[in-house]
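To start, the structure under review is shown below, and the notes come after it.
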Amino acid sequence: MVSVTHESLNPTSSTLESDARSMHAGGSVAPGNIAIGVIIGRTSEFFDFFVYAIASVLVFPKLIFPFADPLHGTLLSFLVFALAFIARPIGSFIFMAVDRRYGRGVKLTIALFLLGGSTAAMSFLPGYSEVGVYAIILLAIFRIGQGLALGGAWDGLASLLALNAPTNHRGWYAMIPQLGAPIGFMLASALFAYFVTSLTSADFLDWGWRYPFFCAFAVNVVALFARLRLVATEEFGTLLERHELEPVKMTELLRVHGRDVLIGAFVPLASFATFHLVTVFPLGWVTLYSEQTPGSFLLMEFLGAICGILAIICSGMLADRIGRRNQLAIGAVLIACFAFVAPWLLDGGATGRHIYVVLGFTLLGLSFGQAAGASASRFSQNYRYSGSALVSDLSWLIGAGFAPFVALALSSQFGLVYTSLYLLSGVVCTLVAIFFSKTLETRDN
């Protein structure tokens with residue numbers, strides 16, 4: 001008599017992943033292949049978020065908030081922008097439970113379809129003039145969907161990459177996942193720059209802005225297959241079996257690593273505060289208060305993102321030479337110096353703004369390149385997967401979620417000098433967190 005277990009009646013992704021790993025048991029996935037999968041995954045996530053971020057300046061104030069003046073319409077759009085960062089840790093809680101019960105394949109598939117679907121759905125948004133307040137409600141729902149999905153899109157591949165990295169190249173491998181941010185921004189800014197410069201204002205607001213959103217679904221499908229391929233590798237399965245990349249309950253994580261979560265959330269704040277102050281905020285400021293066209297400024301930011309990529313690569317080399325803590329501290333100090341000149345650069349005409357973008361992206365890359373690695377290294381291997389996800393969620397929420405809104409509100413009311421104060425607050429948080437942190441590098445060695 002053959003016994004039938006509950007698991008056989010209800011096959012899960014975990015079972016299917018185990019079968020896939022058995023098929024790949026004779027092969028091996030090099031760190032370079034892992035790196036490509038990580039970069040593709042992060043690029044898709046940041047592309048979705050930057051498509052919304054750019055539209056929050058160029059489209060939604062006019063389409064969704066036409067009843068407000070340009071400044072307050074942009075501020076309202078930035079408030080909706082922040083909803084995703086509030087939803088992100090909630091998404092991590094939900095999808096970690098899905099991961100524990102049904103496996104990482106199911107979790108990633110649901111999360112990336114939700115991410116791409118939420119972004120693509122925005123391309124069909126009606127305007128306020130057509131459906132009234134329901135346009136705002138729909139935008140908020142889709143934005144929350146992006147946040148929940150991003151919380152669920154945490155796949156552990158960055159940790160897999162770090163654990164497969166040579167001991168003396170931890171900083172180099174830690175910077176690789178961070179490359180997805182500027183690449184995602186470049187794709188989003190290039191698409192918007194093309195449509196906003198090629199179309200009349202009426203055509204752009206009518207249909208042109210919708211294409212970048214619709215592209216998001218295709219980008220996420222490509223990213224999904226790239227990531228699932230790595231999830232099904234023998235290396236990933238081995239790490240799971242050793243309990244190094246398994247999800248744990250958040251209550252257990254906080255009980256064991258509560259202090260590490262708190263400190264880790266503040267370590268990258270200088271970087272994360274800078275993140276939206278060189279991408280989203282200056283685009284809003286230029287659109288509202290300068291004669292420069294949004295299309296030309298987006299192209300300048302595209303070039304700035306290239307500088308950011310080069311700086312991220314340099315951060316990996318520097319971190320391996322001087323240590324990650326020193327790298328992060330130096331980056332925070334440089335951002336503090338940048339904060340003092342930022343108001344004059346932004347208010348210094350086209351040349352000043354271009355210097356602001358290039359210098360800002362460069363300093364962002366030097367700091368951002370090691371931000372994720374610093375957070376992950378605080379956790380023992382059993383808790384690294386869940387701990388890295390939660391710390392990342394909290395860092396983005398505290399440091400970046402409300403940055404465009406706060407910076408624009410303060411600078412429009414009191415002057416650009418208040419953007420400096422916002423940046424300096426992030427620098428102080430980073431330096432204090434580094435001071436209290438004693439294990440940013442030990443667990444990676």
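By order in the structure tokens, chains are A, B, ...; within a chain, residues start at 1; ligands start at 1, following the order shown.
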
Applying 10 Å and only C-alpha atoms, which residues near Pro89 of chain A remain after dropping the ones on its own chain fewer than 3 positions away? List them as a list in words.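 Counting only the stated atoms, we get Ala84, Phe85, Ile86, Ser92, Phe93, Ile94, Phe95, Gly147, Leu148, Leu150, Gly151, Gly152, Ala389, Leu390, Val391, Ser392, Asp393, Leu394, Trp396 and Leu397 of chain A.
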
At a cut-off of 10 Å, can you tabulate as a Markdown table every residue of segment 113-179 of chain A near segment 363-369 of chain A together with its closest atom pair and the distance in Å to one decimal, using only C-alpha atoms and ordering rows by chain then number?
| residue | atom | partner | partner_atom | distance |
| --- | --- | --- | --- | --- |
| A:Gly171 | CA | A:Gly369 | CA | 8.6 |
| A:Trp172 | CA | A:Gly369 | CA | 9.0 |
| A:Tyr173 | CA | A:Gly369 | CA | 9.8 |
| A:Ala174 | CA | A:Gly369 | CA | 7.3 |
| A:Met175 | CA | A:Gly369 | CA | 4.6 |
| A:Ile176 | CA | A:Gly369 | CA | 7.8 |
| A:Pro177 | CA | A:Gly369 | CA | 8.4 |
| A:Gln178 | CA | A:Gly369 | CA | 5.7 |
| A:Leu179 | CA | A:Gly369 | CA | 7.8 |

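Near Ser411 of chain A, within a cut-off of 12 Å and counting only C-alpha atoms, sit the residues Leu71, Leu75, Leu277, Phe281, Pro282, Gly284, Trp285, Leu288, Tyr289, Ala342, Pro343, Leu346, Asp347, Ala403, Pro404, Phe405, Val406, Ala407, Gly415, Leu416, Val417, Tyr418, Thr419, Ser420, Leu421 and Tyr422 of chain A, with same-chain residues fewer than 4 positions away left out.
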
Take the selection from the previous step and output its residues with N, CA and C atoms, as a compact mmCIF listing (two decimals), in the first residue's frame.
# COMPACT_ATOMS: atom_id res chain seq x y z
N LEU A 71 3.23 73.48 -7.76
CA LEU A 71 4.02 73.08 -6.59
C LEU A 71 3.26 72.09 -5.74
N LEU A 75 3.90 68.14 -4.80
CA LEU A 75 4.02 67.66 -3.42
C LEU A 75 3.03 66.52 -3.15
N LEU A 277 17.79 62.91 -3.73
CA LEU A 277 18.12 64.33 -3.87
C LEU A 277 19.01 64.62 -5.07
N PHE A 281 14.25 64.82 -6.75
CA PHE A 281 14.07 66.20 -6.29
C PHE A 281 14.58 67.24 -7.27
N PRO A 282 15.81 67.13 -7.80
CA PRO A 282 16.26 68.18 -8.72
C PRO A 282 15.43 68.27 -9.99
N GLY A 284 12.22 67.79 -10.09
CA GLY A 284 11.07 68.59 -9.67
C GLY A 284 11.41 70.06 -9.55
N TRP A 285 12.56 70.36 -8.98
CA TRP A 285 12.97 71.76 -8.81
C TRP A 285 13.17 72.44 -10.16
N LEU A 288 9.86 73.12 -11.92
CA LEU A 288 9.04 74.16 -11.30
C LEU A 288 9.68 75.54 -11.35
N TYR A 289 10.99 75.61 -11.21
CA TYR A 289 11.63 76.90 -10.94
C TYR A 289 12.73 77.30 -11.92
N ALA A 342 25.61 72.30 -2.40
CA ALA A 342 24.46 71.89 -3.22
C ALA A 342 23.48 73.03 -3.52
N PRO A 343 23.08 73.85 -2.52
CA PRO A 343 22.11 74.91 -2.83
C PRO A 343 22.61 75.90 -3.88
N LEU A 346 22.55 74.15 -7.40
CA LEU A 346 21.20 74.04 -7.96
C LEU A 346 20.66 75.39 -8.41
N ASP A 347 21.08 76.43 -7.73
CA ASP A 347 20.59 77.77 -8.06
C ASP A 347 21.57 78.52 -8.95
N ALA A 403 12.05 61.74 1.09
CA ALA A 403 13.08 62.72 0.74
C ALA A 403 12.61 63.74 -0.30
N PRO A 404 12.01 63.32 -1.43
CA PRO A 404 11.58 64.32 -2.41
C PRO A 404 10.55 65.29 -1.86
N PHE A 405 9.59 64.76 -1.08
CA PHE A 405 8.55 65.61 -0.51
C PHE A 405 9.13 66.61 0.48
N VAL A 406 9.94 66.11 1.41
CA VAL A 406 10.51 66.98 2.44
C VAL A 406 11.42 68.04 1.82
N ALA A 407 12.29 67.61 0.90
CA ALA A 407 13.24 68.55 0.29
C ALA A 407 12.51 69.63 -0.51
N GLY A 415 13.89 78.03 1.16
CA GLY A 415 15.10 78.17 0.37
C GLY A 415 15.86 76.86 0.24
N LEU A 416 16.71 76.80 -0.77
CA LEU A 416 17.43 75.56 -1.08
C LEU A 416 18.41 75.15 0.01
N VAL A 417 18.77 76.07 0.89
CA VAL A 417 19.72 75.72 1.94
C VAL A 417 19.18 74.59 2.83
N TYR A 418 17.86 74.42 2.87
CA TYR A 418 17.29 73.38 3.71
C TYR A 418 17.50 71.98 3.13
N THR A 419 17.81 71.90 1.85
CA THR A 419 18.20 70.59 1.32
C THR A 419 19.53 70.15 1.93
N SER A 420 20.39 71.13 2.24
CA SER A 420 21.65 70.81 2.90
C SER A 420 21.41 70.22 4.28
N LEU A 421 20.47 70.79 5.01
CA LEU A 421 20.18 70.29 6.34
C LEU A 421 19.65 68.86 6.29
N TYR A 422 18.85 68.58 5.26
CA TYR A 422 18.32 67.22 5.13
C TYR A 422 19.45 66.23 4.86

For Gly316 of chain A, the closest of A:Ala372, A:Phe302, A:Tyr383, A:Phe214 counting only C-alpha atoms is A:Ala372

Restricting the calculation to only C-alpha atoms, which member of A:Thr119, A:Gln381, A:Thr167, A:Gln146 is positioned closest to Glu246 of chain A?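 Of the candidates, the smallest distance to Glu246 of chain A is held by A:Gln381.
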
Between A:Phe414, A:Asp155, A:Ala135, A:Ser56, which has the minimum distance to Ala226 of chain A (counting only C-alpha atoms)?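 Using only C-alpha atoms, Ala226 of chain A sits closest to A:Asp155.
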
Contacts of Phe361 of chain A within 8 Å, only C-alpha atoms, excl. fewer than 5 positions in-chain, as a PyMOL selection string: chain A and resi 278+304-305+307-308

I need the residues of segment 100-305 of chain A that end up classed as helix (DSSP H, G or I) by DSSP on the backbone, written out as JSON, numbers by chain. {"A": [100, 101, 102, 104, 105, 106, 107, 108, 109, 110, 111, 112, 113, 114, 115, 116, 117, 118, 119, 120, 121, 122, 128, 129, 130, 131, 133, 134, 135, 136, 137, 138, 139, 140, 141, 142, 143, 144, 145, 146, 147, 148, 149, 150, 151, 152, 157, 158, 159, 160, 161, 162, 163, 167, 168, 169, 170, 171, 172, 173, 174, 175, 176, 177, 178, 179, 180, 181, 182, 183, 184, 185, 186, 187, 188, 189, 190, 191, 192, 193, 194, 195, 196, 197, 198, 201, 202, 203, 204, 205, 206, 207, 208, 210, 211, 212, 213, 214, 215, 216, 217, 218, 219, 220, 221, 222, 223, 224, 225, 226, 227, 228, 229, 230, 231, 234, 235, 236, 237, 238, 239, 240, 241, 250, 251, 252, 253, 254, 255, 256, 257, 258, 259, 260, 261, 262, 263, 264, 265, 266, 269, 270, 271, 272, 273, 274, 275, 276, 277, 280, 281, 282, 283, 284, 285, 286, 287, 288, 289, 294, 295, 296, 297, 298, 299, 300, 301, 302, 303, 304, 305]}

Choose the residue, out of A:Thr430, A:Ser290, A:Ser44, A:Thr200, that has the smallest atom-to-atom separation from Val222 of chain A; count only C-alpha atoms.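 Ranking A:Thr430, A:Ser290, A:Ser44, A:Thr200 by distance to Val222 of chain A, first place goes to A:Ser44.
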
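With only C-alpha atoms as the atoms that count, the minimum distance from Leu125 of chain A to the choices A:Arg384, A:Arg259, A:Arg210, A:Arg227 is reached by A:Arg210.
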
Quick one: residues within 9 Å of Val261 of chain A, only C-alpha atoms counted, chain neighbours fewer than 6 positions away excluded, as number ranges by chain? A: 253-254, 375, 378-379, 387-388, 390-391, 394
